[in-house]
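To be precise, the following lines are protein_14.pdb, and they hold PDB, C-alpha atoms and all ligand atoms.
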```pdb
ATOM      1  CA  MET T  30       0.000   0.000   0.000
ATOM      2  CA  ASN T  31       1.166   3.519  -0.815
ATOM      3  CA  THR T  32       1.586   5.380   2.462
ATOM      4  CA  THR T  33       3.383   8.450   1.118
ATOM      5  CA  GLN T  34       0.639   9.730  -1.196
ATOM      6  CA  GLN T  35       2.966   9.117  -4.135
ATOM      7  CA  GLN T  36       1.058   9.625  -7.375
ATOM      8  CA  VAL T  37       0.211   6.497  -9.354
ATOM      9  CA  ALA T  38       0.084   6.003 -13.131
ATOM     10  CA  ILE T  39      -1.406   3.121 -15.116
ATOM     11  CA  VAL T  40       0.201   2.649 -18.542
ATOM     12  CA  THR T  41      -1.659   0.146 -20.709
ATOM     13  CA  GLY T  42       0.471  -1.867 -23.137
ATOM     14  CA  ALA T  43       3.682  -1.071 -21.258
ATOM     15  CA  SER T  44       5.580  -4.305 -21.895
ATOM     16  CA  ARG T  45       7.059  -3.183 -25.222
ATOM     17  CA  GLY T  46       7.476  -0.212 -27.565
ATOM     18  CA  ILE T  47       6.337   3.271 -26.614
ATOM     19  CA  GLY T  48       4.552   2.061 -23.453
ATOM     20  CA  ALA T  49       7.691   0.426 -22.026
ATOM     21  CA  THR T  50       9.703   3.634 -22.483
ATOM     22  CA  LEU T  51       6.856   5.733 -21.152
ATOM     23  CA  ALA T  52       6.466   3.616 -17.999
ATOM     24  CA  GLN T  53      10.149   4.196 -17.233
ATOM     25  CA  ARG T  54       9.851   7.921 -17.946
ATOM     26  CA  LEU T  55       6.857   8.316 -15.606
ATOM     27  CA  ALA T  56       8.654   6.339 -12.890
ATOM     28  CA  ALA T  57      11.680   8.632 -13.288
ATOM     29  CA  ASP T  58       9.278  11.572 -12.916
ATOM     30  CA  GLY T  59       8.181  10.160  -9.536
ATOM     31  CA  TYR T  60       5.061   8.090 -10.258
ATOM     32  CA  ALA T  61       4.497   4.558  -9.024
ATOM     33  CA  VAL T  62       3.665   2.793 -12.274
ATOM     34  CA  ILE T  63       1.355  -0.091 -13.158
ATOM     35  CA  VAL T  64       2.954  -1.802 -16.169
ATOM     36  CA  ASN T  65       0.026  -3.405 -17.993
ATOM     37  CA  TYR T  66       0.563  -6.092 -20.614
ATOM     38  CA  ALA T  67      -1.506  -8.628 -22.546
ATOM     39  CA  GLY T  68       0.849 -11.471 -23.511
ATOM     40  CA  SER T  69       4.453 -10.345 -22.959
ATOM     41  CA  ALA T  70       4.929 -11.225 -19.278
ATOM     42  CA  ALA T  71       8.725 -11.508 -19.491
ATOM     43  CA  GLU T  72       9.061  -8.107 -21.182
ATOM     44  CA  ALA T  73       6.744  -6.500 -18.592
ATOM     45  CA  ALA T  74       8.862  -8.004 -15.802
ATOM     46  CA  LYS T  75      11.977  -6.461 -17.403
ATOM     47  CA  VAL T  76      10.315  -3.018 -17.447
ATOM     48  CA  VAL T  77       9.434  -3.379 -13.738
ATOM     49  CA  ALA T  78      12.984  -4.526 -12.939
ATOM     50  CA  ALA T  79      14.473  -1.531 -14.800
ATOM     51  CA  ILE T  80      12.220   0.870 -12.877
ATOM     52  CA  GLU T  81      13.103  -0.730  -9.541
ATOM     53  CA  ALA T  82      16.813  -0.745 -10.397
ATOM     54  CA  ALA T  83      16.552   3.012 -10.961
ATOM     55  CA  GLY T  84      14.941   3.448  -7.526
ATOM     56  CA  GLY T  85      11.310   3.649  -8.654
ATOM     57  CA  GLN T  86       8.183   1.669  -7.848
ATOM     58  CA  ALA T  87       6.258  -0.463 -10.342
ATOM     59  CA  ALA T  88       4.142  -3.580 -10.675
ATOM     60  CA  ALA T  89       3.249  -5.622 -13.754
ATOM     61  CA  VAL T  90      -0.453  -6.461 -14.200
ATOM     62  CA  GLN T  91      -1.803  -8.672 -16.987
ATOM     63  CA  ALA T  92      -5.069  -7.543 -18.600
ATOM     64  CA  ASP T  93      -6.349  -7.643 -22.164
ATOM     65  CA  VAL T  94      -7.766  -4.131 -22.500
ATOM     66  CA  ALA T  95     -10.501  -5.460 -24.808
ATOM     67  CA  ASP T  96     -11.970  -7.293 -21.770
ATOM     68  CA  SER T  97     -13.901  -4.876 -19.559
ATOM     69  CA  ALA T  98     -13.771  -7.150 -16.490
ATOM     70  CA  ALA T  99     -10.001  -7.474 -16.875
ATOM     71  CA  VAL T 100      -9.649  -3.686 -17.086
ATOM     72  CA  ARG T 101     -11.730  -3.299 -13.913
ATOM     73  CA  GLY T 102      -9.303  -5.762 -12.329
ATOM     74  CA  LEU T 103      -6.372  -3.678 -13.575
ATOM     75  CA  PHE T 104      -7.655  -0.631 -11.687
ATOM     76  CA  ASP T 105      -8.460  -2.808  -8.634
ATOM     77  CA  ALA T 106      -4.869  -4.096  -8.679
ATOM     78  CA  ALA T 107      -3.458  -0.557  -8.924
ATOM     79  CA  ILE T 108      -5.506   0.602  -5.930
ATOM     80  CA  GLU T 109      -4.725  -2.522  -3.929
ATOM     81  CA  ARG T 110      -0.991  -2.174  -4.595
ATOM     82  CA  PHE T 111      -0.468   1.601  -4.534
ATOM     83  CA  GLY T 112      -3.660   3.030  -2.969
ATOM     84  CA  ARG T 113      -4.856   5.375  -5.728
ATOM     85  CA  VAL T 114      -4.779   6.166  -9.457
ATOM     86  CA  ASP T 115      -3.809   9.648 -10.690
ATOM     87  CA  VAL T 116      -2.817   9.065 -14.303
ATOM     88  CA  LEU T 117      -4.131   6.757 -17.018
ATOM     89  CA  VAL T 118      -2.193   6.432 -20.266
ATOM     90  CA  ASN T 119      -4.265   4.464 -22.780
ATOM     91  CA  ASN T 120      -1.293   3.377 -24.883
ATOM     92  CA  ALA T 121      -2.226  -0.256 -25.718
ATOM     93  CA  GLY T 122      -3.015  -0.613 -29.391
ATOM     94  CA  ILE T 123      -2.632  -2.924 -32.359
ATOM     95  CA  MET T 124      -2.053  -2.471 -36.066
ATOM     96  CA  PRO T 125      -1.789  -5.549 -38.318
ATOM     97  CA  PRO T 126       1.538  -5.740 -40.213
ATOM     98  CA  ALA T 127      -0.399  -6.288 -43.464
ATOM     99  CA  LEU T 128      -2.969  -3.551 -43.879
ATOM    100  CA  PRO T 129      -5.753  -4.628 -46.247
ATOM    101  CA  HIS T 130      -7.832  -2.190 -48.254
ATOM    102  CA  VAL T 131     -11.467  -1.958 -47.157
ATOM    103  CA  ALA T 132     -12.561  -4.342 -49.924
ATOM    104  CA  ASP T 133     -10.268  -7.058 -48.552
ATOM    105  CA  THR T 134     -10.746  -6.558 -44.799
ATOM    106  CA  ASP T 135     -12.203  -9.616 -43.073
ATOM    107  CA  ASP T 136     -14.514  -9.505 -40.051
ATOM    108  CA  ALA T 137     -11.890 -10.835 -37.638
ATOM    109  CA  THR T 138      -9.420  -8.055 -38.515
ATOM    110  CA  PHE T 139     -12.096  -5.359 -38.186
ATOM    111  CA  ASP T 140     -13.464  -6.772 -34.922
ATOM    112  CA  ARG T 141     -10.073  -7.093 -33.217
ATOM    113  CA  LEU T 142      -8.980  -3.568 -34.197
ATOM    114  CA  VAL T 143     -12.206  -2.174 -32.783
ATOM    115  CA  ALA T 144     -12.017  -4.403 -29.677
ATOM    116  CA  VAL T 145      -8.479  -3.370 -28.687
ATOM    117  CA  ASN T 146      -8.059   0.180 -30.024
ATOM    118  CA  LEU T 147     -11.568   1.510 -29.446
ATOM    119  CA  LYS T 148     -13.332  -0.637 -26.845
ATOM    120  CA  GLY T 149     -10.057  -1.179 -24.984
ATOM    121  CA  THR T 150      -9.556   2.560 -24.731
ATOM    122  CA  PHE T 151     -13.187   3.010 -23.687
ATOM    123  CA  ASN T 152     -12.937   0.286 -21.021
ATOM    124  CA  ALA T 153     -10.071   2.080 -19.308
ATOM    125  CA  LEU T 154     -11.645   5.527 -19.771
ATOM    126  CA  ARG T 155     -14.810   4.355 -17.995
ATOM    127  CA  GLU T 156     -12.805   3.084 -15.028
ATOM    128  CA  ALA T 157     -10.718   6.269 -14.953
ATOM    129  CA  ALA T 158     -13.816   8.483 -15.116
ATOM    130  CA  GLN T 159     -15.134   6.694 -12.013
ATOM    131  CA  ARG T 160     -11.924   6.230 -10.055
ATOM    132  CA  LEU T 161      -9.252   8.823 -10.896
ATOM    133  CA  GLN T 162      -8.194  11.232  -8.167
ATOM    134  CA  GLN T 163      -9.276  14.884  -8.400
ATOM    135  CA  GLY T 164      -6.698  16.650 -10.589
ATOM    136  CA  GLY T 165      -5.892  13.432 -12.447
ATOM    137  CA  ARG T 166      -4.578  13.124 -15.990
ATOM    138  CA  ILE T 167      -5.685  10.939 -18.907
ATOM    139  CA  VAL T 168      -3.758  10.542 -22.160
ATOM    140  CA  ASN T 169      -5.161   8.475 -25.030
ATOM    141  CA  PHE T 170      -3.340   7.298 -28.138
ATOM    142  CA  SER T 171      -4.397   8.280 -31.639
ATOM    143  CA  THR T 172      -2.168   8.271 -34.726
ATOM    144  CA  SER T 173      -1.009  10.772 -37.312
ATOM    145  CA  VAL T 174      -2.300   8.316 -39.922
ATOM    146  CA  VAL T 175      -5.753   9.818 -39.163
ATOM    147  CA  GLY T 176      -4.588  12.956 -40.992
ATOM    148  CA  LEU T 177      -2.525  11.184 -43.660
ATOM    149  CA  ALA T 178      -5.467   9.108 -44.975
ATOM    150  CA  LEU T 179      -3.143   6.468 -46.441
ATOM    151  CA  PRO T 180      -4.810   3.567 -48.316
ATOM    152  CA  GLY T 181      -4.924   0.448 -46.126
ATOM    153  CA  TYR T 182      -5.244   2.319 -42.857
ATOM    154  CA  ALA T 183      -9.056   2.859 -42.993
ATOM    155  CA  VAL T 184     -10.114   0.690 -40.052
ATOM    156  CA  TYR T 185      -7.051   1.387 -37.885
ATOM    157  CA  ALA T 186      -7.393   5.138 -38.470
ATOM    158  CA  ALA T 187     -11.158   4.978 -37.862
ATOM    159  CA  THR T 188     -10.605   3.456 -34.409
ATOM    160  CA  LYS T 189      -8.152   6.256 -33.612
ATOM    161  CA  SER T 190     -10.463   8.995 -34.961
ATOM    162  CA  ALA T 191     -13.071   7.666 -32.542
ATOM    163  CA  VAL T 192     -10.508   7.866 -29.725
ATOM    164  CA  GLU T 193      -9.888  11.549 -30.561
ATOM    165  CA  THR T 194     -13.646  12.210 -30.377
ATOM    166  CA  MET T 195     -13.996  10.412 -27.023
ATOM    167  CA  THR T 196     -11.031  12.414 -25.733
ATOM    168  CA  ASN T 197     -12.732  15.708 -26.465
ATOM    169  CA  ILE T 198     -16.116  14.681 -25.049
ATOM    170  CA  LEU T 199     -14.766  13.029 -21.883
ATOM    171  CA  ALA T 200     -12.796  16.200 -21.093
ATOM    172  CA  LYS T 201     -16.144  18.006 -20.950
ATOM    173  CA  GLU T 202     -17.902  15.256 -18.972
ATOM    174  CA  LEU T 203     -15.240  15.454 -16.253
ATOM    175  CA  ARG T 204     -15.906  19.137 -15.540
ATOM    176  CA  GLY T 205     -15.503  19.848 -11.839
ATOM    177  CA  LYS T 206     -12.850  17.191 -11.191
ATOM    178  CA  GLN T 207      -9.853  19.157 -12.510
ATOM    179  CA  ILE T 208      -8.977  16.135 -14.655
ATOM    180  CA  THR T 209      -7.527  16.780 -18.112
ATOM    181  CA  VAL T 210      -8.151  14.346 -20.982
ATOM    182  CA  ASN T 211      -5.888  14.615 -24.014
ATOM    183  CA  ALA T 212      -4.568  12.396 -26.766
ATOM    184  CA  VAL T 213      -1.197  12.114 -28.424
ATOM    185  CA  ALA T 214      -1.052  11.239 -32.130
ATOM    186  CA  PRO T 215       2.403   9.835 -32.933
ATOM    187  CA  GLY T 216       3.881   9.787 -36.395
ATOM    188  CA  PRO T 217       5.837   6.719 -37.561
ATOM    189  CA  THR T 218       7.778   5.591 -34.481
ATOM    190  CA  ALA T 219      10.485   2.930 -34.310
ATOM    191  CA  THR T 220       8.664   0.072 -32.553
ATOM    192  CA  ASP T 221       7.542  -3.433 -33.528
ATOM    193  CA  LEU T 222       4.102  -2.080 -34.464
ATOM    194  CA  PHE T 223       5.544   0.175 -37.150
ATOM    195  CA  LEU T 224       8.612  -1.798 -38.275
ATOM    196  CA  ASN T 225       7.127  -5.330 -38.504
ATOM    197  CA  GLY T 226       6.298  -6.400 -42.045
ATOM    198  CA  LYS T 227       7.974  -3.413 -43.744
ATOM    199  CA  SER T 228      11.067  -3.488 -45.921
ATOM    200  CA  ASP T 229      13.982  -1.142 -45.182
ATOM    201  CA  GLU T 230      12.958   0.862 -48.262
ATOM    202  CA  GLN T 231       9.379   1.288 -47.015
ATOM    203  CA  VAL T 232      10.599   2.366 -43.583
ATOM    204  CA  GLU T 233      13.029   4.847 -45.160
ATOM    205  CA  ARG T 234      10.316   6.287 -47.427
ATOM    206  CA  LEU T 235       7.839   6.734 -44.562
ATOM    207  CA  ALA T 236      10.521   8.226 -42.312
ATOM    208  CA  LYS T 237      11.387  10.789 -44.995
ATOM    209  CA  MET T 238       7.735  11.897 -45.331
ATOM    210  CA  ALA T 239       8.116  14.111 -42.240
ATOM    211  CA  PRO T 240       9.976  17.417 -42.669
ATOM    212  CA  LEU T 241      12.298  16.324 -39.831
ATOM    213  CA  GLU T 242      13.189  13.318 -42.044
ATOM    214  CA  ARG T 243      13.469  10.697 -39.326
ATOM    215  CA  LEU T 244      11.294   8.196 -37.490
ATOM    216  CA  GLY T 245      10.041   9.069 -34.047
ATOM    217  CA  GLU T 246      11.678   7.284 -31.136
ATOM    218  CA  PRO T 247       9.673   6.053 -28.121
ATOM    219  CA  ASP T 248      11.425   8.785 -26.081
ATOM    220  CA  ASP T 249       9.910  11.459 -28.372
ATOM    221  CA  ILE T 250       6.423  10.213 -27.545
ATOM    222  CA  ALA T 251       7.173   9.674 -23.835
ATOM    223  CA  GLU T 252       8.341  13.306 -23.658
ATOM    224  CA  THR T 253       5.022  14.456 -25.146
ATOM    225  CA  VAL T 254       2.979  12.383 -22.700
ATOM    226  CA  ALA T 255       5.097  13.624 -19.775
ATOM    227  CA  PHE T 256       4.205  17.176 -20.839
ATOM    228  CA  LEU T 257       0.478  16.357 -20.954
ATOM    229  CA  VAL T 258       0.390  14.735 -17.491
ATOM    230  CA  ARG T 259       2.327  17.392 -15.615
ATOM    231  CA  PRO T 260       0.330  19.166 -12.886
ATOM    232  CA  GLY T 261      -1.444  22.429 -13.608
ATOM    233  CA  GLY T 262      -1.741  22.054 -17.376
ATOM    234  CA  TRP T 263      -4.242  24.125 -19.403
ATOM    235  CA  VAL T 264      -4.286  21.818 -22.454
ATOM    236  CA  ASN T 265      -7.535  19.822 -22.247
ATOM    237  CA  GLY T 266      -9.656  17.831 -24.708
ATOM    238  CA  GLN T 267      -6.974  18.098 -27.410
ATOM    239  CA  THR T 268      -4.987  15.763 -29.635
ATOM    240  CA  LEU T 269      -1.311  16.681 -29.754
ATOM    241  CA  ARG T 270       0.432  15.527 -32.941
ATOM    242  CA  ALA T 271       3.999  14.393 -32.165
ATOM    243  CA  ASN T 272       5.065  13.454 -35.666
ATOM    244  CA  GLY T 273       8.009  15.459 -37.002
ATOM    245  CA  GLY T 274       5.564  17.568 -39.020
ATOM    246  CA  ILE T 275       4.242  14.732 -41.213
ATOM    247  CA  VAL T 276       0.700  16.231 -41.155
TER     248      VAL T 276
HETATM  249  P1  LIG M 301       3.989  -2.087 -29.971
HETATM  250  O1  LIG M 301       3.357  -3.102 -30.841
HETATM  251  O2  LIG M 301       5.452  -1.894 -30.014
HETATM  252  O3  LIG M 301       3.575  -2.359 -28.442
HETATM  253  C1  LIG M 301       2.218  -2.529 -28.152
HETATM  254  C2  LIG M 301       2.016  -2.701 -26.672
HETATM  255  O4  LIG M 301       0.591  -2.801 -26.460
HETATM  256  C3  LIG M 301       2.640  -3.977 -26.135
HETATM  257  O5  LIG M 301       3.143  -3.716 -24.840
HETATM  258  C4  LIG M 301       1.464  -4.947 -26.077
HETATM  259  O6  LIG M 301       1.564  -5.852 -25.012
HETATM  260  C5  LIG M 301       0.318  -4.008 -25.772
HETATM  261  N1  LIG M 301      -0.982  -4.559 -26.160
HETATM  262  C6  LIG M 301      -1.387  -4.929 -27.401
HETATM  263  N2  LIG M 301      -2.645  -5.405 -27.340
HETATM  264  C7  LIG M 301      -3.022  -5.315 -26.041
HETATM  265  C8  LIG M 301      -4.202  -5.655 -25.340
HETATM  266  N3  LIG M 301      -5.256  -6.188 -25.978
HETATM  267  N4  LIG M 301      -4.252  -5.429 -24.015
HETATM  268  C9  LIG M 301      -3.196  -4.896 -23.361
HETATM  269  N5  LIG M 301      -2.040  -4.568 -23.961
HETATM  270  C10 LIG M 301      -1.965  -4.782 -25.285
HETATM  271  O7  LIG M 301       3.212  -0.724 -30.301
HETATM  272  P2  LIG M 301       3.681   0.817 -30.155
HETATM  273  O8  LIG M 301       4.457   1.009 -28.922
HETATM  274  O9  LIG M 301       4.229   1.259 -31.437
HETATM  275  O10 LIG M 301       2.242   1.502 -30.040
HETATM  276  C11 LIG M 301       1.765   2.122 -28.865
HETATM  277  C12 LIG M 301       0.572   2.991 -29.247
HETATM  278  O11 LIG M 301       0.992   4.007 -30.155
HETATM  279  C13 LIG M 301      -0.563   2.228 -29.940
HETATM  280  O12 LIG M 301      -1.815   2.697 -29.485
HETATM  281  C14 LIG M 301      -0.374   2.592 -31.408
HETATM  282  O13 LIG M 301      -1.571   2.513 -32.141
HETATM  283  C15 LIG M 301       0.128   4.012 -31.270
HETATM  284  N6  LIG M 301       0.868   4.499 -32.435
HETATM  285  C16 LIG M 301       2.073   3.944 -32.785
HETATM  286  C17 LIG M 301       2.756   4.415 -33.888
HETATM  287  C18 LIG M 301       4.054   3.842 -34.346
HETATM  288  O14 LIG M 301       4.500   4.222 -35.447
HETATM  289  N7  LIG M 301       4.701   2.989 -33.581
HETATM  290  C19 LIG M 301       2.229   5.531 -34.690
HETATM  291  C20 LIG M 301       0.979   6.037 -34.232
HETATM  292  C21 LIG M 301       0.335   5.550 -33.145
HETATM  293  P3  LIG M 301       1.838  -7.441 -25.192
HETATM  294  O15 LIG M 301       3.129  -7.569 -25.959
HETATM  295  O16 LIG M 301       1.918  -7.931 -23.790
HETATM  296  O17 LIG M 301       0.682  -7.973 -25.970
END
```

Any chance you could put this one into structure tokens?
Ligand code: NDP
Amino acid sequence: MNTTQQQVAIVTGASRGIGATLAQRLAADGYAVIVNYAGSAAEAAKVVAAIEAAGGQAAAVQADVADSAAVRGLFDAAIERFGRVDVLVNNAGIMPPALPHVADTDDATFDRLVAVNLKGTFNALREAAQRLQQGGRIVNFSTSVVGLALPGYAVYAATKSAVETMTNILAKELRGKQITVNAVAPGPTATDLFLNGKSDEQVERLAKMAPLERLGEPDDIAETVAFLVRPGGWVNGQTLRANGGIV
């Protein structure tokens, strides 16, 4: 149990990629961190070990965000372990390595994208809306692909457009609690999600699309989230595009 009133952050999908870096960044900023994962238990344990080795506090909690009961359990575990929840980062997300055009998208692909990216985000938002401390912070994850409108990304981008809309509306619903709700929309960022299934040439071409002519690194996105969760912020209900200028 947290006896020092240390602030507590839940990062969904924190076993790998952006979430793993972000969990370590928030721990370095003084939060006790719940490192959520779906399948990568060993990777989540490594993130917790790195945080503890640096003097921070963390715990790994398995929950598929698409499962509302599991997400309720995730918040229960955070409160049981650390006593409160101040920050939710809804980072967990999926994007299939092969992105079919609408005409070729099967039901299973559509349903899983919606289940994880949209319902998963909603599941955690509902818990946060009920259980976050006054003055809490919520950051959702969209994508710059929403603005790029690239063929093949229709369903993935649609789930993230919906996340941007929920972000804006939830910010208004939480009036009176001093809770901000924002989203970050990364551009192409060097993680498994972006790199898997692409040739070096494709990666190079997509990286060069941004005026800064490089891929994002997980640290670039963690820095943006750290800005959005800091106390006293005035940014609320917005989507912040951290993307090297790609859109
Ligand atoms: P990665 O694929 O590298 O990592 C995804 C993380 O999410 C893993 O820790 C994974 O955990 C977790 N996860 C996946 N499904 C679930 C689930 N059902 N329940 C709980 N956790 C889950 O992705 P990124 O780090 O690149 O992506 C993070 C976020 O950023 C996503 O929302 C993505 O859409 C968004 N984004 C990424 C971009 C990029 O270029 N990388 C660009 C724009 C947006 P486990 O391994 O345990 O399953």

>> Residues near T:Ile123, anyone? I mean within 9 Å using all atoms listed in the file, not counting same-chain ones fewer than 4 positions away, as number ranges by chain.
In response: T: 141-142, 145-146, 185, 222

Output for the residues just chosen: C-alpha atoms as a PDB file, keeping the file's coordinate frame:
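Contents of again18.pdb, freshly written:
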```pdb
ATOM      1  CA  ARG T 141     -10.073  -7.093 -33.217  1.00  0.00           C
ATOM      2  CA  LEU T 142      -8.980  -3.568 -34.197  1.00  0.00           C
ATOM      3  CA  VAL T 145      -8.479  -3.370 -28.687  1.00  0.00           C
ATOM      4  CA  ASN T 146      -8.059   0.180 -30.024  1.00  0.00           C
ATOM      5  CA  TYR T 185      -7.051   1.387 -37.885  1.00  0.00           C
ATOM      6  CA  LEU T 222       4.102  -2.080 -34.464  1.00  0.00           C
TER       7      LEU T 222
END
```

If the PyMOL selection byres (((chain T and resi 256-272) around 7) and not hetatm) were run on this exact file, what residues would it hold? Put them as a PDB file with C-alpha atoms, keeping the file's coordinate frame.
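See result_30.pdb below for the written result:
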```
ATOM      1  CA  ARG T 166      -4.578  13.124 -15.990  1.00  0.00           C
ATOM      2  CA  SER T 173      -1.009  10.772 -37.312  1.00  0.00           C
ATOM      3  CA  GLU T 193      -9.888  11.549 -30.561  1.00  0.00           C
ATOM      4  CA  THR T 196     -11.031  12.414 -25.733  1.00  0.00           C
ATOM      5  CA  ASN T 197     -12.732  15.708 -26.465  1.00  0.00           C
ATOM      6  CA  ALA T 200     -12.796  16.200 -21.093  1.00  0.00           C
ATOM      7  CA  THR T 209      -7.527  16.780 -18.112  1.00  0.00           C
ATOM      8  CA  VAL T 210      -8.151  14.346 -20.982  1.00  0.00           C
ATOM      9  CA  ASN T 211      -5.888  14.615 -24.014  1.00  0.00           C
ATOM     10  CA  ALA T 212      -4.568  12.396 -26.766  1.00  0.00           C
ATOM     11  CA  VAL T 213      -1.197  12.114 -28.424  1.00  0.00           C
ATOM     12  CA  ALA T 214      -1.052  11.239 -32.130  1.00  0.00           C
ATOM     13  CA  PRO T 215       2.403   9.835 -32.933  1.00  0.00           C
ATOM     14  CA  GLY T 216       3.881   9.787 -36.395  1.00  0.00           C
ATOM     15  CA  GLY T 245      10.041   9.069 -34.047  1.00  0.00           C
ATOM     16  CA  ILE T 250       6.423  10.213 -27.545  1.00  0.00           C
ATOM     17  CA  GLU T 252       8.341  13.306 -23.658  1.00  0.00           C
ATOM     18  CA  THR T 253       5.022  14.456 -25.146  1.00  0.00           C
ATOM     19  CA  VAL T 254       2.979  12.383 -22.700  1.00  0.00           C
ATOM     20  CA  ALA T 255       5.097  13.624 -19.775  1.00  0.00           C
ATOM     21  CA  GLY T 273       8.009  15.459 -37.002  1.00  0.00           C
ATOM     22  CA  GLY T 274       5.564  17.568 -39.020  1.00  0.00           C
ATOM     23  CA  ILE T 275       4.242  14.732 -41.213  1.00  0.00           C
TER      24      ILE T 275
END
```

> What is the atom O1 of ligand LIG 301 (chain M) to atom CA of T:Ile167 distance in Å?
Replying inline: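 The value is 20.5 Å.
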
>> At a cut-off of 7 Å around the point (0.3, -9.8, -15.6) (file coordinates), what residues fall inside when counting all atoms listed in the file? I'd like the answer as number ranges by chain.
In response: T: 65-66, 70, 89-92

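Counting only C-alpha atoms, the residue from T:Lys227, T:Arg160, T:Arg234, T:Lys189 that sits nearest to T:Lys206 is T:Arg160.
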
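Between atom N4 of ligand LIG 301 (chain M) and atom CA of T:Gly149 lies a distance of 7.3 Å.
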
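Here, the PyMOL selection byres (((chain T and resi 50) around 10) and not hetatm) matches T:Ala43, T:Ser44, T:Arg45, T:Gly46, T:Ile47, T:Gly48, T:Ala49, T:Leu51, T:Ala52, T:Gln53, T:Arg54, T:Leu55, T:Val76, T:Glu246, T:Pro247, T:Asp248, T:Asp249, T:Ile250, T:Ala251, T:Glu252.
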
>> List the spatial neighbours of T:Gly112 as a PyMOL selection string - criterion: any atom at most 12 Å away, all atoms listed in the file, same-chain residues fewer than 2 positions off excluded.
In response: chain T and resi 30-38+61-63+104-110+114-115+160-162

Quick one: contact table of stretch 116-225 of chain T to stretch 93-103 of chain T, 8 Å max, nearest atom pair and distance in Å to one decimal per residue, counting only C-alpha atoms, chain and number order, as a Markdown table?
```
| residue | atom | partner | partner_atom | distance |
| --- | --- | --- | --- | --- |
| T:Ala121 | CA | T:Val94 | CA | 7.5 |
| T:Ala144 | CA | T:Ala95 | CA | 5.2 |
| T:Val145 | CA | T:Ala95 | CA | 4.8 |
| T:Lys148 | CA | T:Ala95 | CA | 6.0 |
| T:Gly149 | CA | T:Ala95 | CA | 4.3 |
| T:Thr150 | CA | T:Val94 | CA | 7.3 |
| T:Asn152 | CA | T:Ser97 | CA | 5.5 |
| T:Ala153 | CA | T:Val100 | CA | 6.2 |
| T:Glu156 | CA | T:Arg101 | CA | 6.6 |
```

>> Nearest residue to T:Val184 out of T:Asp140, T:Glu72, T:Glu233, T:Asp58, using all atoms listed in the file?
In response: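 With all atoms listed in the file as the atom set, the closest residue is T:Asp140.
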